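Dropping final-v1.cif in here (mmCIF, C-alpha atoms, pLDDT in the B column; chains and numbers go by the auth columns):
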data_run
loop_
_atom_site.group_PDB
_atom_site.id
_atom_site.type_symbol
_atom_site.label_atom_id
_atom_site.label_comp_id
_atom_site.label_asym_id
_atom_site.label_seq_id
_atom_site.Cartn_x
_atom_site.Cartn_y
_atom_site.Cartn_z
_atom_site.B_iso_or_equiv
_atom_site.auth_seq_id
_atom_site.auth_asym_id
ATOM 1 C CA MET A 1 -12.624 15.869 7.348 66.00 7 C
ATOM 2 C CA GLN A 2 -14.553 13.054 9.011 75.00 8 C
ATOM 3 C CA VAL A 3 -14.169 13.091 12.804 84.00 9 C
ATOM 4 C CA THR A 4 -15.799 11.519 15.842 88.00 10 C
ATOM 5 C CA ILE A 5 -17.140 13.867 18.499 90.00 11 C
ATOM 6 C CA THR A 6 -17.356 12.651 22.091 90.00 12 C
ATOM 7 C CA HIS A 7 -20.072 14.335 24.150 87.00 13 C
ATOM 8 C CA THR A 8 -18.547 14.692 27.661 91.00 14 C
ATOM 9 C CA HIS A 9 -21.560 15.910 29.699 91.00 15 C
ATOM 10 C CA ARG A 10 -25.304 15.289 30.028 89.00 16 C
ATOM 11 C CA LEU A 11 -27.465 18.173 31.290 90.00 17 C
ATOM 12 C CA GLY A 12 -24.333 19.911 32.558 90.00 18 C
ATOM 13 C CA GLN A 13 -23.044 16.923 34.550 92.00 19 C
ATOM 14 C CA PRO A 14 -19.797 15.145 33.581 93.00 20 C
ATOM 15 C CA LEU A 15 -20.145 11.641 32.196 91.00 21 C
ATOM 16 C CA ARG A 16 -17.836 8.754 33.022 93.00 22 C
ATOM 17 C CA PRO A 17 -15.738 7.829 29.966 90.00 23 C
ATOM 18 C CA VAL A 18 -17.734 4.600 29.471 90.00 24 C
ATOM 19 C CA ASP A 19 -21.036 6.551 29.428 91.00 25 C
ATOM 20 C CA ARG A 20 -19.954 9.181 26.913 89.00 26 C
ATOM 21 C CA VAL A 21 -21.848 9.458 23.633 85.00 27 C
ATOM 22 C CA THR A 22 -19.896 9.489 20.369 88.00 28 C
ATOM 23 C CA ALA A 23 -21.191 10.904 17.096 87.00 29 C
ATOM 24 C CA PRO A 24 -19.377 10.470 13.782 86.00 30 C
ATOM 25 C CA GLY A 25 -19.612 13.080 11.118 81.00 31 C
ATOM 26 C CA PRO A 26 -18.271 16.242 9.699 84.00 32 C
ATOM 27 C CA ILE A 27 -18.708 19.422 11.738 86.00 33 C
ATOM 28 C CA ALA A 28 -20.321 22.616 10.495 84.00 34 C
ATOM 29 C CA VAL A 29 -20.075 26.066 12.078 88.00 35 C
ATOM 30 C CA GLU A 30 -23.069 28.424 11.975 88.00 36 C
ATOM 31 C CA THR A 31 -24.072 31.701 13.591 91.00 37 C
ATOM 32 C CA VAL A 32 -27.602 31.517 15.017 87.00 38 C
ATOM 33 C CA CYS A 33 -29.850 33.552 17.297 86.00 39 C
ATOM 34 C CA SER A 34 -29.988 31.774 20.661 77.00 40 C
ATOM 35 C CA GLN A 35 -33.539 31.391 21.951 74.00 41 C
ATOM 36 C CA THR A 36 -32.483 31.712 25.599 73.00 42 C
ATOM 37 C CA THR A 37 -30.030 34.605 25.276 74.00 43 C
ATOM 38 C CA ARG A 38 -31.683 36.436 22.341 82.00 44 C
ATOM 39 C CA TRP A 39 -28.325 37.237 20.743 86.00 45 C
ATOM 40 C CA TYR A 40 -26.298 35.661 17.985 90.00 46 C
ATOM 41 C CA VAL A 41 -23.814 32.979 18.960 88.00 47 C
ATOM 42 C CA GLU A 42 -21.434 30.761 17.045 92.00 48 C
ATOM 43 C CA GLN A 43 -22.683 27.186 16.995 90.00 49 C
ATOM 44 C CA TRP A 44 -20.910 23.974 16.055 90.00 50 C
ATOM 45 C CA ILE A 45 -23.119 21.134 14.842 87.00 51 C
ATOM 46 C CA VAL A 46 -22.607 17.585 13.684 86.00 52 C
ATOM 47 C CA TRP A 47 -23.495 18.025 10.033 79.00 53 C
ATOM 48 C CA ARG A 48 -26.093 15.806 8.424 72.00 54 C
ATOM 49 C CA ALA A 49 -26.615 15.995 4.661 65.00 55 C
ATOM 50 C CA ARG A 50 -29.097 18.636 3.585 61.00 56 C
ATOM 51 C CA HIS A 51 -30.591 18.262 0.132 63.00 57 C
ATOM 52 C CA ALA A 52 -32.558 20.983 -1.645 61.00 58 C
ATOM 53 C CA GLY A 53 -36.186 20.770 -0.541 64.00 59 C
ATOM 54 C CA ALA A 54 -35.528 17.992 1.992 65.00 60 C
ATOM 55 C CA THR A 55 -35.824 18.216 5.756 69.00 61 C
ATOM 56 C CA PRO A 56 -32.314 17.915 7.238 68.00 62 C
ATOM 57 C CA ALA A 57 -31.643 14.888 9.409 73.00 63 C
ATOM 58 C CA PRO A 58 -31.334 15.836 13.072 76.00 64 C
ATOM 59 C CA SER A 59 -27.912 15.985 14.655 78.00 65 C
ATOM 60 C CA PRO A 60 -27.235 13.007 16.949 80.00 66 C
ATOM 61 C CA ILE A 61 -26.106 15.388 19.725 84.00 67 C
ATOM 62 C CA PRO A 62 -27.189 18.955 20.561 86.00 68 C
ATOM 63 C CA ALA A 63 -25.282 21.837 18.976 88.00 69 C
ATOM 64 C CA LEU A 64 -22.372 23.332 20.931 91.00 70 C
ATOM 65 C CA ASN A 65 -23.003 27.069 21.368 91.00 71 C
ATOM 66 C CA ASP A 66 -20.325 29.709 21.928 91.00 72 C
ATOM 67 C CA PRO A 67 -17.509 27.131 21.684 92.00 73 C
ATOM 68 C CA GLN A 68 -14.080 27.921 23.062 93.00 74 C
ATOM 69 C CA ILE A 69 -11.018 25.813 22.333 92.00 75 C
ATOM 70 C CA LEU A 70 -9.729 24.517 25.658 91.00 76 C
ATOM 71 C CA THR A 71 -7.008 22.277 24.223 90.00 77 C
ATOM 72 C CA LEU A 72 -5.592 21.766 20.750 90.00 78 C
ATOM 73 C CA ALA A 73 -2.696 19.333 20.800 86.00 79 C
ATOM 74 C CA THR A 74 -1.206 18.024 17.588 79.00 80 C
ATOM 75 C CA GLU A 75 1.052 15.779 19.689 79.00 81 C
ATOM 76 C CA TYR A 76 -2.023 13.869 20.934 74.00 82 C
ATOM 77 C CA GLY A 77 -4.001 14.420 17.728 80.00 83 C
ATOM 78 C CA GLY A 78 -7.104 16.070 19.079 88.00 84 C
ATOM 79 C CA MET A 79 -8.863 19.026 20.607 90.00 85 C
ATOM 80 C CA MET A 80 -11.278 19.817 23.428 92.00 86 C
ATOM 81 C CA LEU A 81 -14.023 22.422 22.987 92.00 87 C
ATOM 82 C CA LEU A 82 -16.137 23.883 25.785 93.00 88 C
ATOM 83 C CA GLY A 83 -19.425 25.702 25.401 93.00 89 C
ATOM 84 C CA PHE A 84 -23.083 25.279 26.219 91.00 90 C
ATOM 85 C CA GLU A 85 -26.015 23.438 24.755 89.00 91 C
ATOM 86 C CA GLU A 86 -29.674 24.420 24.908 87.00 92 C
ATOM 87 C CA ILE A 87 -32.190 21.751 25.894 86.00 93 C
ATOM 88 C CA GLU A 88 -35.839 22.713 26.462 86.00 94 C
ATOM 89 C CA GLY A 89 -34.905 26.389 26.822 83.00 95 C
ATOM 90 C CA ARG A 90 -32.170 25.805 29.425 87.00 96 C
ATOM 91 C CA ARG A 91 -28.437 26.225 28.960 88.00 97 C
ATOM 92 C CA TYR A 92 -26.092 23.446 30.057 92.00 98 C
ATOM 93 C CA TYR A 93 -22.283 23.320 30.175 91.00 99 C
ATOM 94 C CA GLN A 94 -20.936 20.966 27.512 93.00 100 C
ATOM 95 C CA GLY A 95 -17.618 19.705 26.227 92.00 101 C
ATOM 96 C CA TRP A 96 -16.711 18.042 22.952 91.00 102 C
ATOM 97 C CA HIS A 97 -13.587 15.936 22.617 91.00 103 C
ATOM 98 C CA ILE A 98 -12.578 15.605 18.969 90.00 104 C
ATOM 99 C CA PRO A 99 -9.673 13.260 18.213 88.00 105 C
ATOM 100 C CA PHE A 100 -8.223 13.296 14.721 79.00 106 C
ATOM 101 C CA GLY A 101 -6.071 10.470 13.452 67.00 107 C
ATOM 102 C CA GLU A 102 -4.406 8.407 16.149 52.00 108 C
ATOM 103 C CA SER A 103 -4.839 9.902 19.610 43.00 109 C
ATOM 104 C CA GLN A 104 -4.536 8.951 23.240 43.00 110 C
ATOM 105 C CA CYS A 105 -7.667 8.929 25.398 47.00 111 C
ATOM 106 C CA ALA A 106 -8.072 8.170 29.080 44.00 112 C
ATOM 107 C CA ASP A 107 -10.056 5.085 29.992 45.00 113 C
ATOM 108 C CA GLU A 108 -12.244 5.054 33.128 45.00 114 C
ATOM 109 C CA SER A 109 -9.230 4.344 35.367 43.00 115 C
ATOM 110 C CA GLY A 110 -7.421 7.407 33.955 41.00 116 C
ATOM 111 C CA ARG A 111 -4.855 5.383 31.975 41.00 117 C
ATOM 112 C CA LEU A 112 -4.017 6.657 28.503 39.00 118 C
ATOM 113 C CA GLU A 113 -4.793 4.328 25.635 45.00 119 C
ATOM 114 C CA LYS A 114 -4.482 4.524 21.861 43.00 120 C
ATOM 115 C CA SER A 115 -7.628 5.235 19.902 42.00 121 C
ATOM 116 C CA SER A 116 -8.514 6.289 16.371 40.00 122 C
ATOM 117 C CA THR A 117 -11.404 8.228 14.846 37.00 123 C
ATOM 118 C CA THR A 118 -12.876 4.995 13.507 34.00 124 C
ATOM 119 C CA THR A 119 -13.328 3.404 16.949 32.00 125 C
ATOM 120 C CA LYS A 120 -14.936 4.438 20.224 34.00 126 C
ATOM 121 C CA THR A 121 -12.740 6.813 22.196 34.00 127 C
ATOM 122 C CA SER A 122 -12.996 4.655 25.302 36.00 128 C
ATOM 123 C CA THR A 123 -13.143 0.895 25.586 35.00 129 C
ATOM 124 C CA GLY A 124 -14.364 0.838 29.179 38.00 130 C
ATOM 125 C CA ARG A 125 -11.752 -1.692 30.278 34.00 131 C
#
As structure tokens:
Amino acid sequence: MQVTITHTHRLGQPLRPVDRVTAPGPIAVETVCSQTTRWYVEQWIVWRARHAGATPAPSPIPALNDPQILTLATEYGGMMLLGFEEIEGRRYYQGWHIPFGESQCADESGRLEKSSTTTKTSTGR
């Protein structure tokens, strides 16, 4: 399923809705050895096509490690995952908002607005 992931934090700090980064693509789940914790963690990544013998394209946003589902609401058509990302050997709190189909997202004033996976999740009005 094609979805759009909204990156809600940068280096552990929350982003305003208008500053959030969106990344389209399917999601893949892997288990990898974390370089900072030295144990295996589940990792969600924005999947980029990998062809035999080719170098995979980098993900547009860092992987989400040890993800936990905070909210899954079919009524609003989306889910919120929380976890951490590793950047330059440091762990940072991160959240991914993943709407599917039609969903309602808050704009910067906190009002709910309609959005779909084919458009940005916030218009910044």
>> Measuring between all atoms listed in the file, which one of C:Val9, C:Leu88, C:Val47, C:Ala79 shows the shortest distance to C:Ala29?
In response: C:Val9
> Where does the PyMOL selection byres ((chain C and resi 95) around 10) land in this file, that is, which residues does it pick, as a PyMOL selection string?
Replying inline: chain C and resi 40-43+91-94+96-98
>> As a check of understanding, name the residues that the PyMOL selection byres ((chain C and resi 87) around 8) selects in the supplied structure, as a PyMOL selection string.
In response: chain C and resi 73-77+85-86+88-89+101-103
>> Just the number, please: distance in Å from atom CA of C:Gln8 to atom CA of C:Gly84, one decimal.
In response: 12.9 Å
>> Applying the PyMOL selection byres ((chain C and resi 49) around 9) to the file I just gave you, which residues come out? Please list them as a ChimeraX atom specification.
In response: /C:34-38,47-48,50-51,69-73
> Quick one: of C:Thr28, C:Arg22, C:Phe106, C:Trp45, who's nearest to C:Pro68, counting all atoms listed in the file?
Replying inline: C:Thr28
>> I'd like the interatomic distance between atom CA of C:Ile33 and atom CA of C:Leu21, to a tenth of an Å.
In response: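 Between atom CA of C:Ile33 and atom CA of C:Leu21 the gap is 21.9 Å.
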>> If I take atom CA of C:Pro66 and atom CA of C:Arg26, how far is one from the other in Å, to one decimal?
In response: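 According to the coordinates, atom CA of C:Pro66 and atom CA of C:Arg26 are separated by 12.9 Å.
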> Between C:Cys39, C:Ile104, C:Ile11, C:Leu17, which has the minimum distance to C:Leu78 (counting all atoms listed in the file)?
Replying inline: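 Checking each candidate against C:Leu78, we get C:Ile104 as the closest.
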Taking every listed atom of stretch 62-76 of chain C and adding 8 Å to each side, what centre and edge lengths in Å (one decimal) does the axis-aligned box have, as AutoDock Vina command-line options?
--center_x -21.0 --center_y 21.4 --center_z 16.4 --size_x 38.6 --size_y 32.7 --size_z 34.4
Coordinate excerpt as an mmCIF file, in the first residue's frame: stretch 80-99 of chain C, N, CA and C atoms:
data_model
loop_
_atom_site.group_PDB
_atom_site.id
_atom_site.type_symbol
_atom_site.label_atom_id
_atom_site.label_comp_id
_atom_site.auth_asym_id
_atom_site.auth_seq_id
_atom_site.Cartn_x
_atom_site.Cartn_y
_atom_site.Cartn_z
ATOM 1 N N THR C 80 -9.264 3.941 12.633
ATOM 2 C CA THR C 80 -9.873 3.763 11.325
ATOM 3 C C THR C 80 -10.884 4.873 11.043
ATOM 4 N N GLU C 81 -11.466 5.444 12.091
ATOM 5 C CA GLU C 81 -12.428 6.531 11.927
ATOM 6 C C GLU C 81 -11.771 7.742 11.248
ATOM 7 N N TYR C 82 -10.512 8.030 11.606
ATOM 8 C CA TYR C 82 -9.788 9.151 11.020
ATOM 9 C C TYR C 82 -8.843 8.691 9.914
ATOM 10 N N GLY C 83 -8.741 7.391 9.688
ATOM 11 C CA GLY C 83 -7.969 6.867 8.576
ATOM 12 C C GLY C 83 -6.477 7.019 8.690
ATOM 13 N N GLY C 84 -5.920 6.795 9.877
ATOM 14 C CA GLY C 84 -4.483 6.931 10.000
ATOM 15 C C GLY C 84 -3.949 6.346 11.295
ATOM 16 N N MET C 85 -2.621 6.449 11.436
ATOM 17 C CA MET C 85 -1.995 5.977 12.657
ATOM 18 C C MET C 85 -0.802 6.851 13.004
ATOM 19 N N MET C 86 -0.421 6.822 14.273
ATOM 20 C CA MET C 86 0.731 7.563 14.773
ATOM 21 C C MET C 86 1.668 6.570 15.429
ATOM 22 N N LEU C 87 2.924 6.559 14.976
ATOM 23 C CA LEU C 87 3.958 5.688 15.538
ATOM 24 C C LEU C 87 4.980 6.545 16.271
ATOM 25 N N LEU C 88 5.481 6.049 17.389
ATOM 26 C CA LEU C 88 6.543 6.725 18.124
ATOM 27 C C LEU C 88 7.733 5.789 18.236
ATOM 28 N N GLY C 89 8.904 6.325 18.204
ATOM 29 C CA GLY C 89 10.123 5.537 18.323
ATOM 30 C C GLY C 89 11.319 6.469 18.421
ATOM 31 N N PHE C 90 12.467 5.979 17.955
ATOM 32 C CA PHE C 90 13.637 6.848 17.922
ATOM 33 C C PHE C 90 14.365 6.656 16.609
ATOM 34 N N GLU C 91 15.114 7.685 16.242
ATOM 35 C CA GLU C 91 15.961 7.605 15.068
ATOM 36 C C GLU C 91 17.401 7.827 15.504
ATOM 37 N N GLU C 92 18.332 7.261 14.755
ATOM 38 C CA GLU C 92 19.750 7.437 15.061
ATOM 39 C C GLU C 92 20.364 8.342 14.012
ATOM 40 N N ILE C 93 20.965 9.437 14.468
ATOM 41 C CA ILE C 93 21.655 10.376 13.593
ATOM 42 C C ILE C 93 23.020 10.640 14.196
ATOM 43 N N GLU C 94 24.074 10.319 13.440
ATOM 44 C CA GLU C 94 25.458 10.497 13.886
ATOM 45 C C GLU C 94 25.693 9.869 15.257
ATOM 46 N N GLY C 95 25.180 8.650 15.446
ATOM 47 C CA GLY C 95 25.414 7.903 16.676
ATOM 48 C C GLY C 95 24.582 8.323 17.871
ATOM 49 N N ARG C 96 23.668 9.273 17.699
ATOM 50 C CA ARG C 96 22.809 9.717 18.803
ATOM 51 C C ARG C 96 21.383 9.309 18.519
ATOM 52 N N ARG C 97 20.655 9.019 19.593
ATOM 53 C CA ARG C 97 19.246 8.632 19.480
ATOM 54 C C ARG C 97 18.367 9.843 19.742
ATOM 55 N N TYR C 98 17.355 10.017 18.880
ATOM 56 C CA TYR C 98 16.413 11.119 19.012
ATOM 57 C C TYR C 98 14.996 10.580 18.945
ATOM 58 N N TYR C 99 14.122 11.136 19.813
ATOM 59 C CA TYR C 99 12.695 10.815 19.794
ATOM 60 C C TYR C 99 12.144 11.183 18.424
#
